[in-house]
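Trainee: protein07.pdb (PDB, C-alpha atoms, pLDDT in the B column) pasted underneath:
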ATOM      1  CA  SER U 272      72.760 -28.740 -46.594  1.00 50.00           C
ATOM      2  CA  ALA U 273      72.487 -25.878 -44.100  1.00 49.00           C
ATOM      3  CA  ASP U 274      71.691 -23.376 -46.894  1.00 50.00           C
ATOM      4  CA  GLU U 275      68.807 -25.530 -48.140  1.00 51.00           C
ATOM      5  CA  MET U 276      67.383 -25.830 -44.593  1.00 47.00           C
ATOM      6  CA  ARG U 277      67.486 -22.038 -44.140  1.00 48.00           C
ATOM      7  CA  SER U 278      65.828 -21.417 -47.537  1.00 51.00           C
ATOM      8  CA  TRP U 279      62.946 -23.780 -46.783  1.00 51.00           C
ATOM      9  CA  SER U 280      59.915 -22.056 -45.179  1.00 51.00           C
ATOM     10  CA  CYS U 281      56.973 -23.570 -43.289  1.00 52.00           C
ATOM     11  CA  PRO U 282      53.622 -23.602 -45.173  1.00 53.00           C
ATOM     12  CA  ASP U 283      50.895 -21.264 -43.971  1.00 52.00           C
ATOM     13  CA  SER U 284      48.651 -24.197 -43.092  1.00 48.00           C
ATOM     14  CA  LEU U 285      51.272 -25.502 -40.657  1.00 45.00           C
ATOM     15  CA  ARG U 286      51.960 -22.074 -39.161  1.00 50.00           C
ATOM     16  CA  SER U 287      48.379 -21.679 -38.041  1.00 49.00           C
ATOM     17  CA  GLY U 288      48.175 -25.246 -36.806  1.00 51.00           C
ATOM     18  CA  PRO U 289      47.328 -28.286 -38.882  1.00 52.00           C
ATOM     19  CA  ILE U 290      43.762 -28.719 -37.573  1.00 50.00           C
ATOM     20  CA  GLU U 291      42.749 -25.068 -37.641  1.00 52.00           C
ATOM     21  CA  GLY U 292      44.208 -24.537 -41.086  1.00 51.00           C
ATOM     22  CA  ARG U 293      42.367 -27.580 -42.371  1.00 50.00           C
ATOM     23  CA  ILE U 294      39.017 -26.352 -40.913  1.00 49.00           C
ATOM     24  CA  GLN U 295      39.469 -22.874 -42.403  1.00 51.00           C
ATOM     25  CA  ARG U 296      40.175 -24.339 -45.841  1.00 53.00           C
ATOM     26  CA  GLN U 297      37.150 -26.641 -45.656  1.00 58.00           C
ATOM     27  CA  MET U 298      34.603 -23.976 -44.417  1.00 59.00           C
ATOM     28  CA  THR U 299      32.847 -21.966 -47.081  1.00 63.00           C
ATOM     29  CA  PRO U 300      32.101 -18.227 -46.590  1.00 61.00           C
ATOM     30  CA  ARG U 301      28.460 -19.076 -45.878  1.00 60.00           C
ATOM     31  CA  GLN U 302      29.467 -21.509 -43.147  1.00 59.00           C
ATOM     32  CA  GLN U 303      31.807 -18.950 -41.658  1.00 59.00           C
ATOM     33  CA  SER U 304      28.980 -16.370 -41.511  1.00 56.00           C
ATOM     34  CA  ARG U 305      26.737 -18.907 -39.788  1.00 59.00           C
ATOM     35  CA  ARG U 306      29.488 -19.541 -37.261  1.00 58.00           C
ATOM     36  CA  LEU U 307      29.732 -15.840 -36.501  1.00 52.00           C
ATOM     37  CA  VAL U 308      25.934 -15.540 -36.098  1.00 47.00           C
ATOM     38  CA  SER U 309      25.762 -18.545 -33.761  1.00 56.00           C
ATOM     39  CA  SER U 310      28.581 -17.150 -31.619  1.00 56.00           C
ATOM     40  CA  ALA U 311      26.828 -13.738 -31.380  1.00 52.00           C
ATOM     41  CA  ALA U 312      23.387 -15.228 -30.583  1.00 54.00           C
ATOM     42  CA  PRO U 313      23.839 -15.455 -26.746  1.00 59.00           C
ATOM     43  CA  ALA U 314      24.955 -11.825 -26.506  1.00 59.00           C
ATOM     44  CA  THR U 315      22.053 -10.693 -28.706  1.00 59.00           C
ATOM     45  CA  LEU U 316      19.581 -12.682 -26.600  1.00 57.00           C
ATOM     46  CA  LEU U 317      20.981 -11.125 -23.427  1.00 57.00           C
ATOM     47  CA  LEU U 318      20.576  -7.626 -24.854  1.00 57.00           C
ATOM     48  CA  LEU U 319      16.988  -8.380 -25.865  1.00 55.00           C
ATOM     49  CA  LEU U 320      16.180  -9.666 -22.391  1.00 56.00           C
ATOM     50  CA  LEU U 321      17.676  -6.564 -20.782  1.00 55.00           C
ATOM     51  CA  ALA U 322      15.742  -4.291 -23.133  1.00 50.00           C
ATOM     52  CA  GLY U 323      12.528  -6.168 -22.397  1.00 50.00           C
ATOM     53  CA  ALA U 324      13.090  -5.842 -18.664  1.00 47.00           C
ATOM     54  CA  ALA U 325      13.681  -2.112 -19.039  1.00 46.00           C
ATOM     55  CA  ASP U 326      10.493  -1.680 -21.029  1.00 50.00           C
ATOM     56  CA  ALA U 327       8.388  -3.907 -18.728  1.00 53.00           C
ATOM     57  CA  GLU U 328       5.390  -2.147 -17.276  1.00 59.00           C
ATOM     58  CA  PRO U 329       5.294  -1.748 -13.479  1.00 57.00           C
ATOM     59  CA  PRO U 330       2.840  -4.020 -11.654  1.00 65.00           C
ATOM     60  CA  LEU U 331      -0.495  -2.603 -10.533  1.00 83.00           C
ATOM     61  CA  VAL U 332       0.164  -2.833  -6.805  1.00 90.00           C
ATOM     62  CA  GLY U 333      -2.472  -1.289  -4.549  1.00 92.00           C
ATOM     63  CA  VAL U 334      -4.970  -0.721  -7.386  1.00 93.00           C
ATOM     64  CA  SER U 335      -8.518  -2.054  -7.262  1.00 92.00           C
ATOM     65  CA  PRO U 336      -9.718  -4.222 -10.167  1.00 92.00           C
ATOM     66  CA  GLN U 337     -12.291  -1.549 -11.032  1.00 92.00           C
ATOM     67  CA  ASP U 338      -9.500   1.010 -11.533  1.00 92.00           C
ATOM     68  CA  GLU U 339      -7.108  -1.097 -13.610  1.00 93.00           C
ATOM     69  CA  ALA U 340      -8.440   0.400 -16.840  1.00 94.00           C
ATOM     70  CA  TYR U 341      -7.675   3.900 -15.510  1.00 95.00           C
ATOM     71  CA  PHE U 342      -3.978   3.002 -15.223  1.00 95.00           C
ATOM     72  CA  ALA U 343      -3.795   1.260 -18.614  1.00 93.00           C
ATOM     73  CA  PRO U 344      -2.739   4.286 -20.788  1.00 95.00           C
ATOM     74  CA  GLN U 345       0.914   5.172 -21.205  1.00 95.00           C
ATOM     75  CA  VAL U 346       0.170   8.676 -19.890  1.00 96.00           C
ATOM     76  CA  ILE U 347      -2.067   8.758 -16.808  1.00 96.00           C
ATOM     77  CA  ALA U 348      -3.827  11.830 -15.470  1.00 96.00           C
ATOM     78  CA  CYS U 349      -3.845  12.699 -11.779  1.00 96.00           C
ATOM     79  CA  ARG U 350      -7.332  12.278 -10.375  1.00 94.00           C
ATOM     80  CA  ASP U 351      -7.311  15.757  -8.853  1.00 93.00           C
ATOM     81  CA  GLY U 352      -6.344  17.347 -12.192  1.00 93.00           C
ATOM     82  CA  SER U 353      -2.980  18.548 -10.893  1.00 89.00           C
ATOM     83  CA  GLY U 354      -1.104  17.019 -13.827  1.00 94.00           C
ATOM     84  CA  SER U 355      -0.191  13.723 -15.456  1.00 95.00           C
ATOM     85  CA  PHE U 356       2.625  11.192 -15.403  1.00 96.00           C
ATOM     86  CA  PRO U 357       3.961   8.421 -17.682  1.00 95.00           C
ATOM     87  CA  ARG U 358       3.043   4.893 -16.734  1.00 94.00           C
ATOM     88  CA  SER U 359       6.699   4.103 -16.093  1.00 93.00           C
ATOM     89  CA  ARG U 360       6.517   6.364 -13.021  1.00 94.00           C
ATOM     90  CA  LEU U 361       3.663   4.404 -11.461  1.00 94.00           C
ATOM     91  CA  ASN U 362       4.744   3.210  -7.989  1.00 93.00           C
ATOM     92  CA  ASP U 363       8.304   4.455  -8.509  1.00 93.00           C
ATOM     93  CA  GLY U 364       8.565   5.875  -4.979  1.00 92.00           C
ATOM     94  CA  TYR U 365       8.251   9.543  -6.007  1.00 94.00           C
ATOM     95  CA  CYS U 366       5.065  11.569  -5.570  1.00 94.00           C
ATOM     96  CA  ASP U 367       4.085  13.205  -8.883  1.00 94.00           C
ATOM     97  CA  CYS U 368       0.392  13.833  -8.064  1.00 95.00           C
ATOM     98  CA  THR U 369      -0.656  15.764  -4.979  1.00 92.00           C
ATOM     99  CA  ASP U 370      -3.469  13.298  -4.341  1.00 93.00           C
ATOM    100  CA  GLY U 371      -1.162  10.268  -4.644  1.00 93.00           C
ATOM    101  CA  THR U 372      -2.716   8.859  -7.836  1.00 94.00           C
ATOM    102  CA  ASP U 373       0.700   7.763  -9.104  1.00 95.00           C
ATOM    103  CA  GLU U 374       1.726   5.988  -5.882  1.00 94.00           C
ATOM    104  CA  PRO U 375      -1.080   3.616  -4.806  1.00 93.00           C
ATOM    105  CA  GLY U 376       1.437   0.910  -3.922  1.00 92.00           C
ATOM    106  CA  THR U 377       4.011   2.970  -2.016  1.00 92.00           C
ATOM    107  CA  SER U 378       4.082   5.338   0.932  1.00 91.00           C
ATOM    108  CA  ALA U 379       5.601   8.213  -1.065  1.00 92.00           C
ATOM    109  CA  CYS U 380       2.425  10.348  -1.087  1.00 92.00           C
ATOM    110  CA  PRO U 381       0.658  11.284   2.177  1.00 90.00           C
ATOM    111  CA  GLU U 382      -2.741  11.304   0.426  1.00 90.00           C
ATOM    112  CA  GLY U 383      -2.249   7.971  -1.369  1.00 91.00           C
ATOM    113  CA  LYS U 384      -4.639   5.034  -0.934  1.00 92.00           C
ATOM    114  CA  PHE U 385      -3.730   1.336  -1.039  1.00 95.00           C
ATOM    115  CA  TYR U 386      -6.299  -1.275  -2.091  1.00 95.00           C
ATOM    116  CA  CYS U 387      -6.204  -4.639  -0.306  1.00 94.00           C
ATOM    117  CA  ILE U 388      -7.720  -7.296  -2.546  1.00 92.00           C
ATOM    118  CA  ASN U 389      -8.089  -9.719   0.387  1.00 93.00           C
ATOM    119  CA  THR U 390      -9.028 -12.707  -1.742  1.00 87.00           C
ATOM    120  CA  GLY U 391     -11.437 -14.872   0.250  1.00 86.00           C
ATOM    121  CA  ASP U 392     -12.547 -11.941   2.389  1.00 91.00           C
ATOM    122  CA  LEU U 393     -13.835  -8.415   1.937  1.00 92.00           C
ATOM    123  CA  PRO U 394     -11.559  -5.779   0.334  1.00 93.00           C
ATOM    124  CA  ARG U 395     -10.109  -2.933   2.318  1.00 93.00           C
ATOM    125  CA  ILE U 396      -8.574   0.462   1.572  1.00 93.00           C
ATOM    126  CA  LEU U 397      -5.648   1.797   3.585  1.00 93.00           C
ATOM    127  CA  PHE U 398      -3.736   5.032   3.670  1.00 92.00           C
ATOM    128  CA  SER U 399      -0.532   4.414   1.753  1.00 88.00           C
ATOM    129  CA  SER U 400       1.485   5.317   4.855  1.00 90.00           C
ATOM    130  CA  PHE U 401       0.586   1.822   6.106  1.00 93.00           C
ATOM    131  CA  VAL U 402       2.358   0.189   3.155  1.00 94.00           C
ATOM    132  CA  ASN U 403       5.609  -1.661   3.943  1.00 94.00           C
ATOM    133  CA  ASP U 404       5.632  -0.441   7.557  1.00 94.00           C
ATOM    134  CA  ASN U 405       6.361  -3.951   8.929  1.00 93.00           C
ATOM    135  CA  ILE U 406       2.774  -4.309  10.178  1.00 94.00           C
ATOM    136  CA  CYS U 407       0.313  -6.628   8.428  1.00 93.00           C
ATOM    137  CA  ASP U 408      -2.796  -4.518   7.810  1.00 94.00           C
ATOM    138  CA  CYS U 409      -4.321  -6.439   4.874  1.00 94.00           C
ATOM    139  CA  CYS U 410      -5.466  -9.938   5.781  1.00 94.00           C
ATOM    140  CA  ASP U 411      -3.732 -11.226   2.626  1.00 93.00           C
ATOM    141  CA  GLY U 412      -0.496  -9.430   3.536  1.00 93.00           C
ATOM    142  CA  SER U 413      -0.379  -7.544   0.232  1.00 92.00           C
ATOM    143  CA  ASP U 414       0.522  -4.258   1.964  1.00 94.00           C
ATOM    144  CA  GLU U 415       3.901  -5.675   3.064  1.00 94.00           C
ATOM    145  CA  TYR U 416       5.141  -6.860  -0.326  1.00 92.00           C
ATOM    146  CA  GLU U 417       8.580  -5.211   0.052  1.00 90.00           C
ATOM    147  CA  SER U 418       9.057  -4.917   3.820  1.00 90.00           C
ATOM    148  CA  GLY U 419      10.679  -8.327   4.154  1.00 90.00           C
ATOM    149  CA  ILE U 420       8.295  -9.659   6.804  1.00 91.00           C
ATOM    150  CA  HIS U 421       6.008 -12.644   6.289  1.00 92.00           C
ATOM    151  CA  CYS U 422       2.296 -11.933   6.645  1.00 92.00           C
ATOM    152  CA  PRO U 423       0.170 -15.093   6.828  1.00 92.00           C
ATOM    153  CA  ASN U 424      -3.021 -15.007   4.791  1.00 92.00           C
ATOM    154  CA  THR U 425      -5.824 -14.831   7.357  1.00 92.00           C
ATOM    155  CA  CYS U 426      -8.591 -13.744   4.991  1.00 91.00           C
ATOM    156  CA  LYS U 427     -10.379 -17.086   4.942  1.00 81.00           C
ATOM    157  CA  LYS U 428     -10.162 -17.398   8.708  1.00 73.00           C
ATOM    158  CA  ARG U 429     -11.600 -13.928   9.202  1.00 67.00           C
ATOM    159  CA  HIS U 430     -14.379 -14.651   6.734  1.00 60.00           C
ATOM    160  CA  ASP U 431     -15.330 -17.862   8.527  1.00 65.00           C
ATOM    161  CA  THR U 432     -15.273 -16.068  11.893  1.00 63.00           C
ATOM    162  CA  ALA U 433     -17.577 -13.376  10.546  1.00 58.00           C
ATOM    163  CA  GLU U 434     -20.032 -16.016   9.306  1.00 59.00           C
ATOM    164  CA  THR U 435     -19.910 -17.782  12.682  1.00 58.00           C
ATOM    165  CA  ASP U 436     -20.715 -14.536  14.451  1.00 57.00           C
ATOM    166  CA  ASN U 437     -23.783 -14.090  12.233  1.00 53.00           C
ATOM    167  CA  GLY U 438     -22.288 -11.150  10.432  1.00 50.00           C
ATOM    168  CA  VAL U 439     -20.978  -9.003  13.256  1.00 47.00           C
ATOM    169  CA  SER U 440     -19.591  -6.591  10.713  1.00 46.00           C
ATOM    170  CA  GLU U 441     -19.962  -5.865   7.028  1.00 45.00           C
ATOM    171  CA  LEU U 442     -17.594  -3.889   4.876  1.00 43.00           C
ATOM    172  CA  SER U 443     -18.658  -2.508   1.545  1.00 42.00           C
ATOM    173  CA  VAL U 444     -16.455  -0.603  -0.862  1.00 44.00           C
ATOM    174  CA  ALA U 445     -18.099   1.793  -3.291  1.00 39.00           C
ATOM    175  CA  HIS U 446     -16.481   3.746  -6.142  1.00 44.00           C
ATOM    176  CA  LEU U 447     -18.051   7.131  -6.749  1.00 40.00           C
ATOM    177  CA  GLY U 448     -16.361   9.414  -9.279  1.00 42.00           C
ATOM    178  CA  GLY U 449     -13.058   7.614  -8.810  1.00 43.00           C
ATOM    179  CA  THR U 450     -13.145   8.091  -5.031  1.00 43.00           C
ATOM    180  CA  ASP U 451     -13.087   5.081  -2.786  1.00 44.00           C
ATOM    181  CA  ILE U 452     -15.654   5.272   0.008  1.00 41.00           C
ATOM    182  CA  ILE U 453     -15.540   2.858   2.910  1.00 42.00           C
ATOM    183  CA  SER U 454     -18.673   2.303   4.987  1.00 42.00           C
ATOM    184  CA  SER U 455     -18.822   0.015   8.008  1.00 42.00           C
ATOM    185  CA  LYS U 456     -22.030  -1.350   9.514  1.00 42.00           C
ATOM    186  CA  HIS U 457     -22.096  -3.042  12.888  1.00 44.00           C
ATOM    187  CA  THR U 458     -24.758  -5.014  14.686  1.00 44.00           C
ATOM    188  CA  LEU U 459     -24.623  -2.467  17.449  1.00 44.00           C
ATOM    189  CA  ASP U 460     -25.573   0.637  15.499  1.00 56.00           C
ATOM    190  CA  ILE U 461     -23.106   3.442  16.013  1.00 66.00           C
ATOM    191  CA  GLU U 462     -25.851   6.032  16.061  1.00 62.00           C
ATOM    192  CA  ASP U 463     -27.648   4.160  18.824  1.00 64.00           C
ATOM    193  CA  LEU U 464     -24.408   3.997  20.732  1.00 66.00           C
ATOM    194  CA  ILE U 465     -23.925   7.728  20.307  1.00 71.00           C
ATOM    195  CA  GLN U 466     -27.462   8.365  21.501  1.00 67.00           C
ATOM    196  CA  LYS U 467     -26.872   6.196  24.534  1.00 67.00           C
ATOM    197  CA  LEU U 468     -23.666   8.043  25.309  1.00 75.00           C
ATOM    198  CA  ARG U 469     -25.476  11.333  24.964  1.00 72.00           C
ATOM    199  CA  GLY U 470     -28.190  10.044  27.272  1.00 71.00           C
ATOM    200  CA  LEU U 471     -25.606   9.004  29.836  1.00 76.00           C
ATOM    201  CA  ARG U 472     -23.917  12.356  29.563  1.00 75.00           C
ATOM    202  CA  MET U 473     -27.242  14.127  29.982  1.00 76.00           C
ATOM    203  CA  ALA U 474     -28.024  12.012  33.034  1.00 78.00           C
ATOM    204  CA  ALA U 475     -24.622  12.868  34.499  1.00 83.00           C
ATOM    205  CA  VAL U 476     -25.226  16.574  33.841  1.00 82.00           C
ATOM    206  CA  ILE U 477     -28.635  16.367  35.526  1.00 86.00           C
ATOM    207  CA  GLU U 478     -27.199  14.575  38.544  1.00 84.00           C
ATOM    208  CA  LEU U 479     -24.451  17.169  38.792  1.00 87.00           C
ATOM    209  CA  GLY U 480     -27.046  19.941  38.569  1.00 86.00           C
ATOM    210  CA  VAL U 481     -29.082  18.359  41.350  1.00 87.00           C
ATOM    211  CA  VAL U 482     -26.009  18.108  43.575  1.00 88.00           C
ATOM    212  CA  VAL U 483     -25.149  21.753  42.895  1.00 89.00           C
ATOM    213  CA  CYS U 484     -28.720  22.815  43.686  1.00 88.00           C
ATOM    214  CA  ILE U 485     -28.615  20.910  46.975  1.00 90.00           C
ATOM    215  CA  PHE U 486     -25.372  22.623  47.970  1.00 83.00           C
ATOM    216  CA  VAL U 487     -26.714  26.042  46.969  1.00 87.00           C
ATOM    217  CA  PHE U 488     -29.935  25.449  48.920  1.00 86.00           C
ATOM    218  CA  TYR U 489     -27.940  24.255  51.951  1.00 85.00           C
ATOM    219  CA  PHE U 490     -25.631  27.267  52.000  1.00 84.00           C
ATOM    220  CA  ALA U 491     -28.525  29.657  51.329  1.00 86.00           C
ATOM    221  CA  ARG U 492     -30.506  28.199  54.213  1.00 84.00           C
ATOM    222  CA  ARG U 493     -27.485  28.351  56.501  1.00 83.00           C
ATOM    223  CA  SER U 494     -26.880  31.961  55.535  1.00 83.00           C
ATOM    224  CA  THR U 495     -30.529  32.782  56.246  1.00 85.00           C
ATOM    225  CA  ARG U 496     -30.341  31.205  59.700  1.00 82.00           C
ATOM    226  CA  ALA U 497     -27.169  33.164  60.482  1.00 82.00           C
ATOM    227  CA  ARG U 498     -28.866  36.402  59.524  1.00 80.00           C
ATOM    228  CA  ARG U 499     -31.859  35.605  61.715  1.00 80.00           C
ATOM    229  CA  ARG U 500     -29.617  34.931  64.679  1.00 78.00           C
ATOM    230  CA  GLN U 501     -27.815  38.218  64.192  1.00 78.00           C
ATOM    231  CA  TYR U 502     -31.140  40.033  63.948  1.00 77.00           C
ATOM    232  CA  ILE U 503     -32.403  38.423  67.130  1.00 78.00           C
ATOM    233  CA  LEU U 504     -29.178  39.258  68.985  1.00 75.00           C
ATOM    234  CA  LYS U 505     -29.378  42.894  67.912  1.00 73.00           C
ATOM    235  CA  ARG U 506     -32.890  43.162  69.331  1.00 66.00           C
TER     236      ARG U 506
END
Turn this file's structure into structure tokens for me.

Mentor:
Amino acid sequence: SADEMRSWSCPDSLRSGPIEGRIQRQMTPRQQSRRLVSSAAPATLLLLLLAGAADAEPPLVGVSPQDEAYFAPQVIACRDGSGSFPRSRLNDGYCDCTDGTDEPGTSACPEGKFYCINTGDLPRILFSSFVNDNICDCCDGSDEYESGIHCPNTCKKRHDTAETDNGVSELSVAHLGGTDIISSKHTLDIEDLIQKLRGLRMAAVIELGVVVCIFVFYFARRSTRARRRQYILKR
């Protein structure tokens, strides 16, 4: 009858759907907890990856291999003693040390130095103002790592050219008290060149002096002749 149809109610298992209700009845509490853990695993992994990226140490860009140990601590002292900075601020684009210790890989500090590794050739040290200026200064192109331009690696080519030229130039990098010193030696000694230039300058000065003496002697002799003529005319 109509009253019996109205008094009959649908079971809970059918209200929630036959399949879902059956799965919920068959799963134990332990299985349900495992299901929750497996569904939360991707989000947890993503959070761990983000945290690891935030805590990742900045790369040692522009630092020589001999100085890598200096930048290893979590708190690094400025070489000039002006202060210190946490390692997370290394190459962050802000100058914390007046001598540019914290920014070897950026152009933030005017006194900063950038180390070109130049694998296959001789190393080189640049002023950090040359970093990411759209000009390839290091033969390995390491100074333009964020400028967006492509610098071909010409280190090997330069090294072979230097050997072909019987060592036209040599570049040695020395580290003395944490200061990078660059010394260049050329086949044509610079001091000899300076001496030759001084000799040429001295020769030019002597020639100029001779010319001046000739003019002075000429005008003096002319003046003497004029005086003699006036003296003769007066007599």

Trainee: Starting from the point (-2.2, 2.4, -15.5), work out which residues of protein, DNA or RNA have an atom no more than 12 Å away when counting only C-alpha atoms; state them as a short mmCIF file (atom, residue, chain, number, x, y, z; two decimals) with C-alpha atoms, in the frame of the given file.

Mentor:
data_model
loop_
_atom_site.label_atom_id
_atom_site.label_comp_id
_atom_site.auth_asym_id
_atom_site.auth_seq_id
_atom_site.Cartn_x
_atom_site.Cartn_y
_atom_site.Cartn_z
CA GLU U 328 5.39 -2.15 -17.28
CA PRO U 329 5.29 -1.75 -13.48
CA PRO U 330 2.84 -4.02 -11.65
CA LEU U 331 -0.50 -2.60 -10.53
CA VAL U 332 0.16 -2.83 -6.80
CA GLY U 333 -2.47 -1.29 -4.55
CA VAL U 334 -4.97 -0.72 -7.39
CA SER U 335 -8.52 -2.05 -7.26
CA PRO U 336 -9.72 -4.22 -10.17
CA GLN U 337 -12.29 -1.55 -11.03
CA ASP U 338 -9.50 1.01 -11.53
CA GLU U 339 -7.11 -1.10 -13.61
CA ALA U 340 -8.44 0.40 -16.84
CA TYR U 341 -7.68 3.90 -15.51
CA PHE U 342 -3.98 3.00 -15.22
CA ALA U 343 -3.80 1.26 -18.61
CA PRO U 344 -2.74 4.29 -20.79
CA GLN U 345 0.91 5.17 -21.20
CA VAL U 346 0.17 8.68 -19.89
CA ILE U 347 -2.07 8.76 -16.81
CA ALA U 348 -3.83 11.83 -15.47
CA CYS U 349 -3.84 12.70 -11.78
CA SER U 355 -0.19 13.72 -15.46
CA PHE U 356 2.62 11.19 -15.40
CA PRO U 357 3.96 8.42 -17.68
CA ARG U 358 3.04 4.89 -16.73
CA SER U 359 6.70 4.10 -16.09
CA ARG U 360 6.52 6.36 -13.02
CA LEU U 361 3.66 4.40 -11.46
CA ASN U 362 4.74 3.21 -7.99
CA THR U 372 -2.72 8.86 -7.84
CA ASP U 373 0.70 7.76 -9.10
CA GLU U 374 1.73 5.99 -5.88
CA PRO U 375 -1.08 3.62 -4.81
#

Trainee: For CA of Cys380 (chain U) and CA of Gly354 (chain U), quote the distance in Å rounded to one decimal.

Mentor: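 One can read the CA of Cys380 (chain U) to CA of Gly354 (chain U) distance as 14.8 Å.
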
Trainee: With only C-alpha atoms counted and 8 Å as the cut-off, give the residues of region 380-432 of chain U in contact with region 365-370 of chain U, each with its shortest interatomic distance in Å and the pair that gives it, as CSV.

Mentor:
residue,atom,partner,partner_atom,distance
U:Cys380,CA,U:Cys366,CA,5.3
U:Pro381,CA,U:Asp370,CA,8.0
U:Glu382,CA,U:Asp370,CA,5.2
U:Gly383,CA,U:Asp370,CA,6.2

Trainee: I'd like the neighbourhood of Thr390 (chain U) as a VMD selection string, where a residue qualifies if any of its atoms comes within 9 Å (using only C-alpha atoms), though same-chain residues fewer than 4 positions away should be ignored.

Mentor: chain U and resid 394 410 to 411 426 to 427

Trainee: Can you list, as a ChimeraX atom specification, the residues that the PyMOL selection byres ((chain U and resi 403) around 12) selects here?

Mentor: /U:333,376-379,385,397-402,404-409,412-422

Trainee: By how many Å are CA of Phe490 (chain U) and CA of Ile503 (chain U) apart?

Mentor: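 Computing it gives 20.0 Å between the two atoms.
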
Trainee: What is the CA of Lys384 (chain U) to CA of Arg350 (chain U) distance in Å?

Mentor: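 The value is 12.2 Å.
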